[in-house]
Amino acid sequence: MSDFDLATAAMDDAATAETFEKIFFELRKVIVGQSRLLERLLVGVLCRGHCLLESVPGLAKTLAAETLSRVVGGSFARIQFTPDLLPSDIVGTRIYRVGSETFDVELGPVFVNFLLTDEINRAPAKVQSALLEVMAERQVTIGGITHPAPTPFFVVATQNPIESEGVYQLPDAQRDRFMMKIVLDHPTADEEMAIIDRMGVASTVPRPAQVISLDELQQLQDRADTVFVDRSVAQYAVDLVQCSRTPERFGLDELNTVIGLGASPRASLNLVAGSRALAMLRGRTYATPQDVFDLAPEVLRHRLLLTYDALAREITPDEVVQRMLATVPANWVSPKPNDVFERS
């Protein structure tokens, strides 16, 4: 690479870093704390993935999704999932026009750039499954005609873990469509005081400004695809997923009675894609095992199906993932060529 190409690449990296800094500034102008949530949401957007948010009510899940859509200039729609919702209320339906004696297609609210499915587990499986095609293939088929979703297309679903009445567990196929499951915690005392100062009076509620356009967002997505992933980094992602299926290969025989079903190949793909996006957010042009390590809880926790024995012992998926991360070795790489060493 010539000196001119190196200088151009350095300028592009600096411009990208400045763009991300502006995006996070606008997000943090509205959202107090929740840094991990904001970072993971942006990773999901850059990877063209989808995110499932889980927390008790009132922790800014909806606000975070809507704010992100405003910052990048995308269209936004919110669907409140309820038991009486129908699949046609989500994707659309055919309507008969008496005057023309023809059927017209009325597209549903999924045809936006940012779709928030609020309390997704309050609708039955038939309604939840209406999202399967649009989440995986970014298209909806109505009456035998395929309608592509807008680009970019990003789904954020929320669910409340503390209520058991009137809720329906997400089907395994639906959970696997989500790139990450992000669990939110309550704010600290200082953060809660900042929330009161910032949101206590309607006239002082901050309004996020648009930082980039949708075309620029797609350019960032394409740039994330070019982040270098060394073979050893990809191998670490594969080993983590393989450990969830055959833990005895990694000396974790005790997990055989804990894990009923391991993660799917989508987990490996999402770990590698997510490491690319996270590396770019952190100002690097190459991914490291640390990026995979940091994303593993969000990518794996909702893909592990635990046995009844594990549930009886109150073992959580997060505990299983942490056990895997503490055991599976990784080859840690440095930015210098051929400088690779193994770390357990």
# chains A, B, ... in the order shown; residues from 1 in each chain; ligands from 1
call {"tool": "select_by_dssp", "arguments": {"residues": "stretch 7-134 of chain A", "states": "strand (DSSP E)", "output": "short mmCIF file (atom, residue, chain, number, x, y, z; two decimals) with N, CA and C atoms, in the first residue's frame"}}
result
data_model
loop_
_atom_site.label_atom_id
_atom_site.label_comp_id
_atom_site.auth_asym_id
_atom_site.auth_seq_id
_atom_site.Cartn_x
_atom_site.Cartn_y
_atom_site.Cartn_z
N CYS A 51 -32.09 -7.12 17.87
CA CYS A 51 -31.80 -7.19 19.29
C CYS A 51 -33.07 -7.43 20.11
N LEU A 52 -32.94 -8.27 21.11
CA LEU A 52 -34.01 -8.54 22.07
C LEU A 52 -33.59 -7.94 23.41
N LEU A 53 -34.39 -7.00 23.92
CA LEU A 53 -34.08 -6.33 25.18
C LEU A 53 -34.97 -6.88 26.28
N GLU A 54 -34.36 -7.21 27.40
CA GLU A 54 -35.12 -7.77 28.53
C GLU A 54 -34.80 -6.99 29.79
N PHE A 76 -39.43 5.06 11.92
CA PHE A 76 -39.61 4.29 13.16
C PHE A 76 -41.08 3.95 13.34
N ALA A 77 -41.34 2.72 13.79
CA ALA A 77 -42.71 2.30 14.11
C ALA A 77 -42.67 1.42 15.35
N ARG A 78 -43.72 1.53 16.13
CA ARG A 78 -43.84 0.74 17.36
C ARG A 78 -45.10 -0.10 17.30
N ILE A 79 -44.97 -1.40 17.56
CA ILE A 79 -46.12 -2.31 17.61
C ILE A 79 -46.25 -2.81 19.03
N GLN A 80 -47.39 -2.54 19.64
CA GLN A 80 -47.64 -3.02 20.99
C GLN A 80 -48.26 -4.41 20.90
N GLY A 92 -49.30 -6.89 7.20
CA GLY A 92 -50.21 -6.37 6.19
C GLY A 92 -51.15 -7.44 5.67
N THR A 93 -52.07 -7.03 4.80
CA THR A 93 -53.07 -7.97 4.30
C THR A 93 -53.59 -7.50 2.95
N ARG A 94 -54.38 -8.36 2.31
CA ARG A 94 -55.04 -8.01 1.05
C ARG A 94 -56.44 -7.48 1.34
N ILE A 95 -56.79 -6.40 0.66
CA ILE A 95 -58.09 -5.76 0.85
C ILE A 95 -58.83 -5.74 -0.49
N TYR A 96 -60.08 -6.18 -0.46
CA TYR A 96 -60.89 -6.21 -1.69
C TYR A 96 -61.52 -4.85 -1.93
N ARG A 97 -61.29 -4.30 -3.13
CA ARG A 97 -61.87 -3.03 -3.52
C ARG A 97 -63.10 -3.30 -4.38
N THR A 102 -60.93 -5.69 -7.44
CA THR A 102 -59.58 -6.24 -7.35
C THR A 102 -59.13 -6.23 -5.89
N PHE A 103 -58.05 -6.95 -5.63
CA PHE A 103 -57.46 -6.97 -4.30
C PHE A 103 -56.23 -6.05 -4.28
N ASP A 104 -56.21 -5.16 -3.32
CA ASP A 104 -55.03 -4.33 -3.08
C ASP A 104 -54.32 -4.82 -1.83
N VAL A 105 -53.02 -4.57 -1.79
CA VAL A 105 -52.22 -4.97 -0.62
C VAL A 105 -52.02 -3.76 0.28
N GLU A 106 -52.42 -3.90 1.51
CA GLU A 106 -52.19 -2.86 2.52
C GLU A 106 -51.02 -3.32 3.39
N LEU A 107 -49.87 -2.68 3.20
CA LEU A 107 -48.66 -3.08 3.92
C LEU A 107 -48.77 -2.72 5.40
N PHE A 114 -36.63 1.12 11.45
CA PHE A 114 -36.46 0.69 12.84
C PHE A 114 -37.83 0.29 13.38
N LEU A 115 -37.95 -0.99 13.70
CA LEU A 115 -39.23 -1.52 14.18
C LEU A 115 -39.08 -1.94 15.64
N LEU A 116 -39.90 -1.38 16.49
CA LEU A 116 -39.93 -1.76 17.91
C LEU A 116 -41.15 -2.63 18.17
N THR A 117 -40.93 -3.87 18.56
CA THR A 117 -42.02 -4.77 18.94
C THR A 117 -42.05 -4.82 20.47
N ASP A 118 -42.94 -4.04 21.04
CA ASP A 118 -42.97 -3.85 22.48
C ASP A 118 -43.71 -5.00 23.16
#
call {"tool": "select_by_dssp", "arguments": {"residues": "stretch 90-280 of chain A", "states": "alpha helix (DSSP H)", "output": "PyMOL selection string"}}
result
chain A and resi 90-91+125-128+132-137+172-177+189-199+214-225+231-245+265-280
call {"tool": "write_last_selection", "arguments": {"atoms": "C-alpha atoms", "output": "compact mmCIF listing (two decimals), in the first residue's frame"}}
result
# COMPACT_ATOMS: atom_id res chain seq x y z
CA ILE A 90 -48.06 -6.67 11.62
CA VAL A 91 -47.12 -7.57 8.05
CA ALA A 125 -46.67 -17.82 18.87
CA LYS A 126 -48.71 -17.41 15.67
CA VAL A 127 -48.32 -13.64 15.87
CA GLN A 128 -44.66 -13.78 16.89
CA LEU A 132 -39.76 -14.79 11.03
CA GLU A 133 -39.60 -14.03 7.30
CA VAL A 134 -39.02 -10.30 7.58
CA MET A 135 -36.31 -10.70 10.23
CA ALA A 136 -34.38 -13.41 8.36
CA GLU A 137 -34.95 -12.46 4.73
CA ASP A 172 -36.88 -21.28 19.61
CA ALA A 173 -36.86 -20.27 15.93
CA GLN A 174 -37.92 -16.74 16.87
CA ARG A 175 -35.25 -16.35 19.56
CA ASP A 176 -32.57 -17.58 17.18
CA ARG A 177 -33.46 -14.79 14.74
CA ALA A 189 -28.28 6.37 42.48
CA ASP A 190 -26.27 9.03 40.62
CA GLU A 191 -27.73 7.97 37.27
CA GLU A 192 -31.25 8.08 38.68
CA MET A 193 -30.66 11.60 39.97
CA ALA A 194 -29.42 12.57 36.50
CA ILE A 195 -32.61 11.08 35.00
CA ILE A 196 -34.72 13.27 37.31
CA ASP A 197 -32.72 16.38 36.38
CA ARG A 198 -32.95 15.60 32.68
CA MET A 199 -36.48 14.24 32.34
CA LEU A 214 -29.42 6.30 6.00
CA ASP A 215 -27.00 6.24 3.05
CA GLU A 216 -24.13 7.03 5.41
CA LEU A 217 -25.35 4.32 7.78
CA GLN A 218 -25.23 1.79 4.95
CA GLN A 219 -21.68 2.94 4.17
CA LEU A 220 -20.74 2.26 7.80
CA GLN A 221 -22.33 -1.19 7.51
CA ASP A 222 -20.27 -1.89 4.40
CA ARG A 223 -17.15 -0.62 6.16
CA ALA A 224 -17.81 -2.96 9.09
CA ASP A 225 -17.85 -5.87 6.64
CA ARG A 231 -8.47 -17.19 11.49
CA SER A 232 -7.68 -17.59 15.17
CA VAL A 233 -10.43 -15.12 16.12
CA ALA A 234 -13.00 -16.99 14.04
CA GLN A 235 -11.77 -20.26 15.56
CA TYR A 236 -12.37 -18.89 19.05
CA ALA A 237 -15.97 -18.04 18.10
CA VAL A 238 -16.48 -21.52 16.67
CA ASP A 239 -14.95 -23.16 19.76
CA LEU A 240 -17.36 -21.30 22.05
CA VAL A 241 -20.34 -22.45 20.02
CA GLN A 242 -18.99 -26.01 19.79
CA CYS A 243 -18.52 -26.00 23.57
CA SER A 244 -22.24 -25.33 23.97
CA ARG A 245 -22.98 -28.51 21.97
CA PRO A 265 -24.53 -21.83 13.51
CA ARG A 266 -26.14 -18.38 13.60
CA ALA A 267 -24.28 -17.88 16.88
CA SER A 268 -20.90 -18.36 15.18
CA LEU A 269 -21.87 -16.02 12.34
CA ASN A 270 -23.11 -13.37 14.77
CA LEU A 271 -20.04 -13.62 16.99
CA VAL A 272 -17.73 -12.99 14.02
CA ALA A 273 -19.90 -10.26 12.51
CA GLY A 274 -20.34 -8.63 15.90
CA SER A 275 -16.59 -8.68 16.57
CA ARG A 276 -16.09 -6.77 13.31
CA ALA A 277 -18.58 -4.07 14.30
CA LEU A 278 -17.29 -3.84 17.87
CA ALA A 279 -13.71 -3.53 16.65
CA MET A 280 -14.72 -0.65 14.36
call {"tool": "atom_distance", "arguments": {"atom1": "atom CA of A:Val156", "atom2": "atom CA of A:Arg284"}}
result
26.6 Å
call {"tool": "residues_around", "arguments": {"residues": "A:Ile212", "least_positions_apart": "3", "cutoff": "10 Å", "atoms": "only C-alpha atoms", "output": "number ranges by chain"}}
result
A: 19-20, 22-23, 70-74, 209, 215-217
call {"tool": "atom_distance", "arguments": {"atom1": "atom CA of A:Arg323", "atom2": "atom CA of A:Asp230"}}
result
24.5 Å
call {"tool": "atom_distance", "arguments": {"atom1": "atom CA of A:Glu119", "atom2": "atom CA of A:Thr158"}}
result
5.1 Å
call {"tool": "closest_residue", "arguments": {"among": "A:Asn160, A:Ser100, A:Val155, A:Lys29", "to": "A:Ala65", "atoms": "only C-alpha atoms"}}
result
A:Val155
call {"tool": "closest_residue", "arguments": {"among": "A:Arg36, A:Thr257, A:Thr285, A:Pro109", "to": "A:Phe228", "atoms": "only C-alpha atoms"}}
result
A:Thr285
